[in-house]
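Trainee: Just upload22.pdb, nothing more (PDB, C-alpha atoms and all ligand atoms):
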ATOM      1  CA  MET A  43     -70.115  64.525 196.358
ATOM      2  CA  TYR A  44     -70.912  64.478 192.679
ATOM      3  CA  ASP A  45     -72.478  67.803 191.613
ATOM      4  CA  VAL A  46     -75.992  66.368 191.686
ATOM      5  CA  LYS A  47     -77.727  69.735 191.749
ATOM      6  CA  GLY A  48     -75.757  71.145 188.839
ATOM      7  CA  ASN A  49     -76.174  67.987 186.776
ATOM      8  CA  LEU A  50     -79.880  67.876 187.483
ATOM      9  CA  ARG A  51     -80.307  71.477 186.375
ATOM     10  CA  GLU A  52     -78.400  70.724 183.198
ATOM     11  CA  VAL A  53     -80.563  67.708 182.325
ATOM     12  CA  LEU A  54     -83.756  69.650 183.070
ATOM     13  CA  GLY A  55     -82.469  72.421 180.846
ATOM     14  CA  ASN A  56     -82.205  69.956 177.970
ATOM     15  CA  LEU A  57     -85.804  68.774 178.265
ATOM     16  CA  PRO A  58     -88.505  70.407 176.155
ATOM     17  CA  ALA A  59     -91.709  71.466 177.911
ATOM     18  CA  GLY A  60     -93.991  68.519 178.617
ATOM     19  CA  VAL A  61     -91.208  65.993 179.151
ATOM     20  CA  ASN A  62     -90.944  64.572 182.683
ATOM     21  CA  LEU A  63     -87.738  63.457 184.302
ATOM     22  CA  VAL A  64     -87.521  60.266 186.327
ATOM     23  CA  ALA A  65     -84.253  60.551 188.265
ATOM     24  CA  ILE A  66     -82.864  57.018 188.415
ATOM     25  CA  SER A  67     -81.334  56.729 191.864
ATOM     26  CA  LYS A  68     -80.630  52.987 192.073
ATOM     27  CA  PHE A  69     -77.368  52.204 193.883
ATOM     28  CA  HIS A  70     -77.024  55.831 194.983
ATOM     29  CA  PRO A  71     -77.216  56.896 198.619
ATOM     30  CA  ASN A  72     -79.966  58.942 200.238
ATOM     31  CA  GLU A  73     -77.865  62.093 200.351
ATOM     32  CA  TYR A  74     -77.770  62.162 196.542
ATOM     33  CA  ILE A  75     -81.529  61.808 196.375
ATOM     34  CA  GLU A  76     -81.926  64.525 199.019
ATOM     35  CA  ALA A  77     -79.771  66.874 196.947
ATOM     36  CA  ALA A  78     -81.978  66.361 193.904
ATOM     37  CA  TYR A  79     -85.080  66.678 196.081
ATOM     38  CA  ALA A  80     -83.813  70.006 197.392
ATOM     39  CA  GLU A  81     -83.648  71.181 193.773
ATOM     40  CA  GLY A  82     -87.321  70.303 193.378
ATOM     41  CA  GLN A  83     -87.080  66.835 191.813
ATOM     42  CA  ARG A  84     -89.925  64.600 193.021
ATOM     43  CA  ILE A  85     -89.957  61.562 190.699
ATOM     44  CA  PHE A  86     -87.303  58.936 191.350
ATOM     45  CA  GLY A  87     -86.796  55.499 189.835
ATOM     46  CA  GLU A  88     -85.453  52.339 191.460
ATOM     47  CA  SER A  89     -85.002  48.803 190.240
ATOM     48  CA  HIS A  90     -84.621  46.671 193.378
ATOM     49  CA  GLU A  91     -87.444  46.135 195.799
ATOM     50  CA  GLN A  92     -85.349  45.928 199.005
ATOM     51  CA  GLU A  93     -83.268  48.984 198.218
ATOM     52  CA  LEU A  94     -86.443  50.863 197.392
ATOM     53  CA  ALA A  95     -88.083  49.819 200.672
ATOM     54  CA  ARG A  96     -85.137  51.211 202.650
ATOM     55  CA  LYS A  97     -85.242  54.502 200.774
ATOM     56  CA  VAL A  98     -89.001  54.927 201.022
ATOM     57  CA  GLU A  99     -88.780  54.589 204.774
ATOM     58  CA  SER A 100     -86.117  57.231 205.235
ATOM     59  CA  LEU A 101     -86.882  59.825 202.541
ATOM     60  CA  PRO A 102     -89.634  62.469 202.134
ATOM     61  CA  LYS A 103     -93.122  61.076 201.739
ATOM     62  CA  ASP A 104     -94.061  63.205 198.734
ATOM     63  CA  ILE A 105     -91.547  61.467 196.476
ATOM     64  CA  GLU A 106     -93.195  59.583 193.616
ATOM     65  CA  TRP A 107     -91.383  56.294 193.226
ATOM     66  CA  HIS A 108     -91.252  54.538 189.874
ATOM     67  CA  PHE A 109     -90.204  50.915 189.662
ATOM     68  CA  ILE A 110     -88.130  50.394 186.516
ATOM     69  CA  GLY A 111     -86.419  47.015 186.938
ATOM     70  CA  HIS A 112     -87.423  43.461 186.233
ATOM     71  CA  LEU A 113     -90.097  42.663 188.816
ATOM     72  CA  GLN A 114     -90.814  39.137 190.012
ATOM     73  CA  THR A 115     -94.462  38.494 190.808
ATOM     74  CA  ASN A 116     -93.599  37.375 194.351
ATOM     75  CA  LYS A 117     -92.078  40.814 195.041
ATOM     76  CA  VAL A 118     -95.091  42.868 194.016
ATOM     77  CA  LYS A 119     -96.669  42.672 197.469
ATOM     78  CA  TYR A 120     -93.737  44.555 199.006
ATOM     79  CA  ILE A 121     -94.007  47.604 196.783
ATOM     80  CA  ALA A 122     -97.794  47.656 196.265
ATOM     81  CA  PRO A 123     -98.484  49.841 199.348
ATOM     82  CA  TYR A 124     -96.527  52.832 198.068
ATOM     83  CA  ILE A 125     -95.310  52.496 194.488
ATOM     84  CA  SER A 126     -96.547  55.278 192.234
ATOM     85  CA  MET A 127     -95.817  53.689 188.861
ATOM     86  CA  ILE A 128     -94.453  50.330 187.737
ATOM     87  CA  GLU A 129     -92.825  51.005 184.379
ATOM     88  CA  SER A 130     -91.647  47.472 183.702
ATOM     89  CA  VAL A 131     -94.758  45.347 183.229
ATOM     90  CA  ASP A 132     -93.738  42.572 180.855
ATOM     91  CA  SER A 133     -96.391  39.877 181.328
ATOM     92  CA  LEU A 134    -100.109  39.411 181.944
ATOM     93  CA  LYS A 135     -99.222  37.434 185.056
ATOM     94  CA  LEU A 136     -97.389  40.421 186.508
ATOM     95  CA  LEU A 137    -100.197  42.806 185.610
ATOM     96  CA  LYS A 138    -102.714  40.555 187.374
ATOM     97  CA  GLU A 139    -100.553  40.328 190.461
ATOM     98  CA  ILE A 140    -100.167  44.117 190.639
ATOM     99  CA  ASN A 141    -103.944  44.437 190.376
ATOM    100  CA  LYS A 142    -104.437  41.899 193.151
ATOM    101  CA  GLN A 143    -101.912  43.452 195.526
ATOM    102  CA  ALA A 144    -103.027  47.030 194.840
ATOM    103  CA  ALA A 145    -106.604  45.978 195.671
ATOM    104  CA  LYS A 146    -105.466  44.887 199.133
ATOM    105  CA  HIS A 147    -104.361  48.450 199.797
ATOM    106  CA  ASP A 148    -107.343  49.988 198.064
ATOM    107  CA  ARG A 149    -105.002  51.682 195.577
ATOM    108  CA  VAL A 150    -104.751  52.122 191.838
ATOM    109  CA  VAL A 151    -101.185  51.578 190.655
ATOM    110  CA  LYS A 152    -100.153  53.220 187.406
ATOM    111  CA  VAL A 153     -98.232  50.954 185.049
ATOM    112  CA  LEU A 154     -96.438  51.065 181.723
ATOM    113  CA  LEU A 155     -96.136  48.141 179.331
ATOM    114  CA  GLU A 156     -92.482  47.460 178.615
ATOM    115  CA  LEU A 157     -91.545  46.671 175.032
ATOM    116  CA  HIS A 158     -88.519  44.724 173.932
ATOM    117  CA  ILE A 159     -87.193  46.488 170.865
ATOM    118  CA  ALA A 160     -83.439  46.517 171.531
ATOM    119  CA  GLU A 161     -81.268  43.879 169.941
ATOM    120  CA  GLU A 162     -79.894  42.522 173.252
ATOM    121  CA  GLU A 163     -81.586  39.254 174.243
ATOM    122  CA  THR A 164     -81.005  40.025 177.905
ATOM    123  CA  LYS A 165     -83.449  42.932 177.957
ATOM    124  CA  SER A 166     -86.996  42.144 178.957
ATOM    125  CA  GLY A 167     -90.349  43.306 177.675
ATOM    126  CA  PHE A 168     -93.147  42.344 175.303
ATOM    127  CA  SER A 169     -92.672  41.872 171.598
ATOM    128  CA  PHE A 170     -95.059  44.083 169.614
ATOM    129  CA  ASP A 171     -97.230  41.054 168.877
ATOM    130  CA  ASP A 172     -97.350  39.798 172.456
ATOM    131  CA  CYS A 173     -98.329  43.267 173.630
ATOM    132  CA  ARG A 174    -101.036  43.481 170.966
ATOM    133  CA  GLU A 175    -102.312  40.083 172.058
ATOM    134  CA  LEU A 176    -102.556  41.162 175.690
ATOM    135  CA  LEU A 177    -104.462  44.301 174.797
ATOM    136  CA  GLU A 178    -106.754  42.493 172.367
ATOM    137  CA  ALA A 179    -107.581  39.749 174.889
ATOM    138  CA  GLY A 180    -109.014  42.497 177.061
ATOM    139  CA  GLU A 181    -108.691  40.978 180.532
ATOM    140  CA  TRP A 182    -106.919  44.183 181.579
ATOM    141  CA  ARG A 183    -110.205  46.037 181.225
ATOM    142  CA  THR A 184    -111.535  44.204 184.276
ATOM    143  CA  MET A 185    -108.590  45.190 186.477
ATOM    144  CA  GLU A 186    -109.779  48.072 188.611
ATOM    145  CA  HIS A 187    -106.567  48.544 190.577
ATOM    146  CA  VAL A 188    -104.129  49.094 187.729
ATOM    147  CA  GLN A 189    -104.161  51.919 185.246
ATOM    148  CA  ILE A 190    -102.219  51.374 182.034
ATOM    149  CA  CYS A 191    -100.631  54.751 181.316
ATOM    150  CA  GLY A 192     -98.387  54.042 178.337
ATOM    151  CA  ILE A 193     -95.261  52.385 176.998
ATOM    152  CA  MET A 194     -91.707  51.993 178.295
ATOM    153  CA  MET A 195     -88.653  50.756 176.411
ATOM    154  CA  MET A 196     -84.865  50.807 176.271
ATOM    155  CA  ALA A 197     -82.969  51.286 173.034
ATOM    156  CA  SER A 198     -80.036  49.081 172.062
ATOM    157  CA  ASN A 199     -76.788  49.821 173.794
ATOM    158  CA  THR A 200     -74.986  51.214 170.767
ATOM    159  CA  ASP A 201     -73.267  54.387 169.559
ATOM    160  CA  ASP A 202     -75.266  54.219 166.335
ATOM    161  CA  GLU A 203     -77.598  57.165 166.862
ATOM    162  CA  GLN A 204     -79.563  56.347 163.760
ATOM    163  CA  GLN A 205     -80.399  52.903 165.073
ATOM    164  CA  ILE A 206     -81.380  54.349 168.450
ATOM    165  CA  ALA A 207     -83.629  56.903 166.744
ATOM    166  CA  GLN A 208     -85.232  54.138 164.650
ATOM    167  CA  GLU A 209     -86.007  52.112 167.772
ATOM    168  CA  PHE A 210     -87.581  55.146 169.453
ATOM    169  CA  ASP A 211     -89.624  55.805 166.306
ATOM    170  CA  ALA A 212     -90.840  52.205 166.332
ATOM    171  CA  ALA A 213     -91.918  52.561 169.962
ATOM    172  CA  TYR A 214     -93.723  55.822 169.198
ATOM    173  CA  ALA A 215     -95.547  54.304 166.217
ATOM    174  CA  PHE A 216     -96.635  51.401 168.413
ATOM    175  CA  PHE A 217     -97.783  53.798 171.135
ATOM    176  CA  LYS A 218     -99.949  55.646 168.612
ATOM    177  CA  GLU A 219    -101.369  52.403 167.253
ATOM    178  CA  VAL A 220    -102.556  51.145 170.632
ATOM    179  CA  LYS A 221    -103.603  54.600 171.806
ATOM    180  CA  GLU A 222    -105.982  54.821 168.863
ATOM    181  CA  LYS A 223    -107.205  51.263 169.149
ATOM    182  CA  TYR A 224    -107.679  50.849 172.901
ATOM    183  CA  PHE A 225    -107.175  54.132 174.729
ATOM    184  CA  ALA A 226    -108.555  56.822 172.441
ATOM    185  CA  ASP A 227    -110.889  58.068 175.185
ATOM    186  CA  ASP A 228    -108.442  57.549 178.021
ATOM    187  CA  ASP A 229    -106.366  60.670 178.742
ATOM    188  CA  ALA A 230    -104.249  58.788 181.266
ATOM    189  CA  PHE A 231    -102.747  56.674 178.483
ATOM    190  CA  CYS A 232    -100.186  59.270 177.413
ATOM    191  CA  GLU A 233     -96.760  58.212 178.692
ATOM    192  CA  ARG A 234     -93.830  57.337 176.422
ATOM    193  CA  SER A 235     -90.933  56.432 178.700
ATOM    194  CA  TRP A 236     -87.709  56.216 176.759
ATOM    195  CA  GLY A 237     -84.307  57.854 176.891
ATOM    196  CA  MET A 238     -81.491  57.268 179.405
ATOM    197  CA  SER A 239     -78.259  59.129 180.118
ATOM    198  CA  HIS A 240     -76.619  58.421 176.778
ATOM    199  CA  ASP A 241     -79.679  58.800 174.570
ATOM    200  CA  TYR A 242     -82.290  61.011 176.240
ATOM    201  CA  ARG A 243     -81.526  63.943 173.947
ATOM    202  CA  ILE A 244     -82.363  61.716 170.984
ATOM    203  CA  ALA A 245     -85.411  60.311 172.783
ATOM    204  CA  VAL A 246     -87.118  63.669 173.266
ATOM    205  CA  LYS A 247     -86.841  64.270 169.517
ATOM    206  CA  HIS A 248     -88.446  60.886 168.871
ATOM    207  CA  GLY A 249     -91.640  60.818 170.871
ATOM    208  CA  SER A 250     -90.517  60.471 174.484
ATOM    209  CA  ASN A 251     -92.286  62.468 177.179
ATOM    210  CA  MET A 252     -90.653  60.671 180.105
ATOM    211  CA  VAL A 253     -86.891  60.204 180.319
ATOM    212  CA  ARG A 254     -85.139  58.006 182.877
ATOM    213  CA  VAL A 255     -81.746  59.494 183.623
ATOM    214  CA  GLY A 256     -79.368  58.190 186.283
ATOM    215  CA  THR A 257     -75.634  58.383 185.585
ATOM    216  CA  THR A 258     -75.671  61.882 184.096
ATOM    217  CA  ILE A 259     -77.219  63.221 187.307
ATOM    218  CA  PHE A 260     -75.730  61.043 190.032
ATOM    219  CA  GLY A 261     -72.483  59.781 188.527
ATOM    220  CA  PRO A 262     -71.390  56.200 187.962
ATOM    221  CA  ARG A 263     -73.104  53.567 190.069
ATOM    222  CA  ILE A 264     -70.951  51.598 192.500
ATOM    223  CA  TYR A 265     -72.368  48.081 192.540
TER
HETATM  224  C1  LIG B   1     -80.570  52.098 185.207
HETATM  225  C2  LIG B   1     -81.689  52.384 184.267
HETATM  226  C3  LIG B   1     -81.836  53.652 183.678
HETATM  227  C4  LIG B   1     -80.843  54.794 183.870
HETATM  228  O1  LIG B   1     -79.665  54.541 183.182
HETATM  229  P1  LIG B   1     -78.493  55.659 183.087
HETATM  230  O2  LIG B   1     -77.677  55.190 181.954
HETATM  231  O3  LIG B   1     -77.768  55.605 184.389
HETATM  232  O4  LIG B   1     -79.118  56.962 182.847
HETATM  233  C5  LIG B   1     -82.952  53.868 182.884
HETATM  234  N1  LIG B   1     -83.863  52.901 182.651
HETATM  235  C6  LIG B   1     -83.746  51.667 183.187
HETATM  236  C7  LIG B   1     -84.789  50.656 182.892
HETATM  237  C8  LIG B   1     -82.658  51.371 183.998
HETATM  238  O5  LIG B   1     -82.553  50.139 184.521
END
So that I can check it, write out the structure of this file as structure tokens.
Ligand SMILES: *Cc1c(COP(=O)(O)O)cnc(C)c1O
Mentor:
Amino acid sequence: MYDVKGNLREVLGNLPAGVNLVAISKFHPNEYIEAAYAEGQRIFGESHEQELARKVESLPKDIEWHFIGHLQTNKVKYIAPYISMIESVDSLKLLKEINKQAAKHDRVVKVLLELHIAEEETKSGFSFDDCRELLEAGEWRTMEHVQICGIMMMASNTDDEQQIAQEFDAAYAFFKEVKEKYFADDDAFCERSWGMSHDYRIAVKHGSNMVRVGTTIFGPRIY
């Protein structure tokens, strides 16, 4: 097995105080997750609803599961009973559906608004303006079963560290803008989820307090 425990310790050692690690376990087997769990890791991230359902059933109940992938509205009902945070909210429609399904289970689901800043068209998320529009419209204020906790984004897939840093800075500036405008009195709105295996060290220098690291901990995914 890949040295999950050693890799996990190394990543944790690179994180400044106050930065949380979401261990991205998609496509990795339970034994890898159990190894990280044995080291004390409790937050794991998955991107496919069926795979997540299988893992939730067979792994310790005190794991906090984050959903990080593109989520279709018709899949929300499957994860609503147990998901701790949905990091990839990219439409009002999805937000409303999460609120509706969470209500059925008498839960409040934490969510992040995903921004599209990277240059790749294939990545999802709100533009700055679409996200501003959603917040300004204010319907989210009536949703009692979702709690908007912050911003998530992915940087461009490039070796240009300066560009990556600029994208993180743009996300951080946007976070501060909406924090001041809509969430100034809301302590729960504090999460800045950016940084993956190849760029999390840059991310923590540019405003991130939640990194999502998979490959560096668990090795390459076998699809
Ligand atoms: C897969 C994934 C990650 C982790 O990527 P690694 O390069 O394996 O660290 C982080 N965030 C999202 C949204 C992902 O889909």
Trainee: Just checking: using only C-alpha atoms, which residue out of A:Asp227, A:Glu222, A:Arg254, A:Asp172 ends up closest to A:Glu88?
Mentor: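 Among the listed residues, the smallest separation from A:Glu88 belongs to A:Arg254.
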Trainee: Report the residues retrieved by the PyMOL selection byres (((chain A and resi 43) around 10) and not hetatm) from the displayed file, expressed as a ChimeraX atom specification.
Mentor: /A:44-46,73-74,77,260-261
Trainee: Which residues are near A:Tyr124? Cut-off 9 Å, only C-alpha atoms, ignore same chain within fewer than 2 positions. Put them as a list of chain:residue names.
Mentor: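 So, after excluding close chain neighbours, the residues are A:Val98, A:Glu106, A:Trp107, A:Tyr120, A:Ile121, A:Ala122, A:Ser126, A:Arg149, A:Val151.
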Trainee: Go through A:Gln204, A:Ser239, A:Asn116, A:Asn141 one by one, measure the shortest atom-to-atom distance of each to ligand LIG 1 (chain B) using all atoms listed in the file, and give the residue with the smallest value.
Mentor: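 Nearest candidate to ligand LIG 1 (chain B) out of A:Gln204, A:Ser239, A:Asn116, A:Asn141: A:Ser239.
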Trainee: Which centre and which edge lengths, in Å to one decimal, describe the axis-aligned box that holds all listed atoms of stretch 133-150 of chain A after 3 Å is added on each side, as AutoDock Vina command-line options?
Mentor:
--center_x -101.9 --center_y 44.8 --center_z 190.6 --size_x 17.0 --size_y 20.7 --size_z 24.5
Trainee: Produce as an NGL selection string the set of residues near ligand LIG 1 (chain B), where near means within 10 Å with all atoms listed in the file considered.
Mentor: :A and (64-69 or 87-90 or 109-112 or 129-130 or 156 or 165-166 or 194-197 or 199 or 235-242 or 253-263)
Trainee: Any idea what's packed within 7 Å of A:Phe168, counting only C-alpha atoms, ignoring anything in its chain fewer than 5 positions away? Could you give it as a short mmCIF file (atom, residue, chain, number, x, y, z; two decimals) with C-alpha atoms, in the coordinates of the input?
Mentor:
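Listed below is the output, out.cif:
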data_model
loop_
_atom_site.label_atom_id
_atom_site.label_comp_id
_atom_site.auth_asym_id
_atom_site.auth_seq_id
_atom_site.Cartn_x
_atom_site.Cartn_y
_atom_site.Cartn_z
CA ASP A 132 -93.74 42.57 180.86
CA GLU A 156 -92.48 47.46 178.62
CA LEU A 157 -91.54 46.67 175.03
CA HIS A 158 -88.52 44.72 173.93
CA CYS A 173 -98.33 43.27 173.63
#
Trainee: Might you pull out every residue within 8 Å of A:Ala207, with only C-alpha atoms counted and same-chain residues fewer than 3 positions away left off, and present them as a list in words?
Mentor: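 Contacts, in chain order: Glu203, Gln204, Phe210, Asp211, Ile244, Ala245 and His248 of chain A.
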Trainee: What residues come out when you apply the PyMOL selection byres (((chain A and resi 83) around 9) and not hetatm) to this file, written as a compact mmCIF listing (two decimals) with C-alpha atoms, in the coordinates of the input?
Mentor:
# COMPACT_ATOMS: atom_id res chain seq x y z
CA LEU A 50 -79.88 67.88 187.48
CA LEU A 63 -87.74 63.46 184.30
CA VAL A 64 -87.52 60.27 186.33
CA ALA A 65 -84.25 60.55 188.26
CA ILE A 75 -81.53 61.81 196.38
CA ALA A 77 -79.77 66.87 196.95
CA ALA A 78 -81.98 66.36 193.90
CA TYR A 79 -85.08 66.68 196.08
CA ALA A 80 -83.81 70.01 197.39
CA GLU A 81 -83.65 71.18 193.77
CA GLY A 82 -87.32 70.30 193.38
CA ARG A 84 -89.92 64.60 193.02
CA ILE A 85 -89.96 61.56 190.70
CA PHE A 86 -87.30 58.94 191.35
CA ILE A 105 -91.55 61.47 196.48
Trainee: Which residue, A:Gln208, A:Gln143, A:Asn251, A:Asn49, has the smallest gap to A:Glu186 when you use all atoms listed in the file?
Mentor: A:Gln143
Trainee: With distances taken over all atoms listed in the file, which of A:Leu113, A:Cys191, A:Ile264, A:Leu177 is nearest to A:Val150?
Mentor: A:Cys191
Trainee: Set the distance at 7 Å and use all atoms listed in the file: which residues neighbour A:Phe217 once local chain neighbours fewer than 4 positions away are removed? I'd like the list as JSON, numbers by chain.
Mentor: {"A": [193, 213, 221]}
Trainee: Which of these residues is nearest to A:Arg174, using all atoms listed in the file: A:Lys223, A:Lys97, A:Lys247, A:Lys117?
Mentor: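 Ranked by minimum distance to A:Arg174, first place goes to A:Lys223.
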Trainee: If we draw a sphere of 6 Å around (-83.5, 49.9, 168.4), which residues have at least one atom in it when counting all atoms listed in the file? Please report them as a ChimeraX atom specification.
Mentor: /A:159-160,197-198,205-206,208-209
Trainee: Evaluating the PyMOL selection byres (((chain A and resi 115) around 9) and not hetatm) on the displayed file yields which residues, as a ChimeraX atom specification?
Mentor: /A:113-114,116-119,135-137,139-140
Trainee: What does the distance from atom CA of A:Asp228 to atom CA of A:Leu176 come to in Å, to one decimal?
Mentor: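 Distance reported for this atom pair: 17.6 Å.
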Trainee: I'd like to know which of A:Val220, A:Leu54, A:Val61, A:Leu94 is closest to A:Ser250, using all atoms listed in the file.
Mentor: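 Residue with the minimum atom-to-atom distance to A:Ser250: A:Val61.
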Trainee: Report the distance between atom CA of A:His108 and atom CA of A:Asp202 in Å, rounded to one decimal place.
Mentor: 28.5 Å
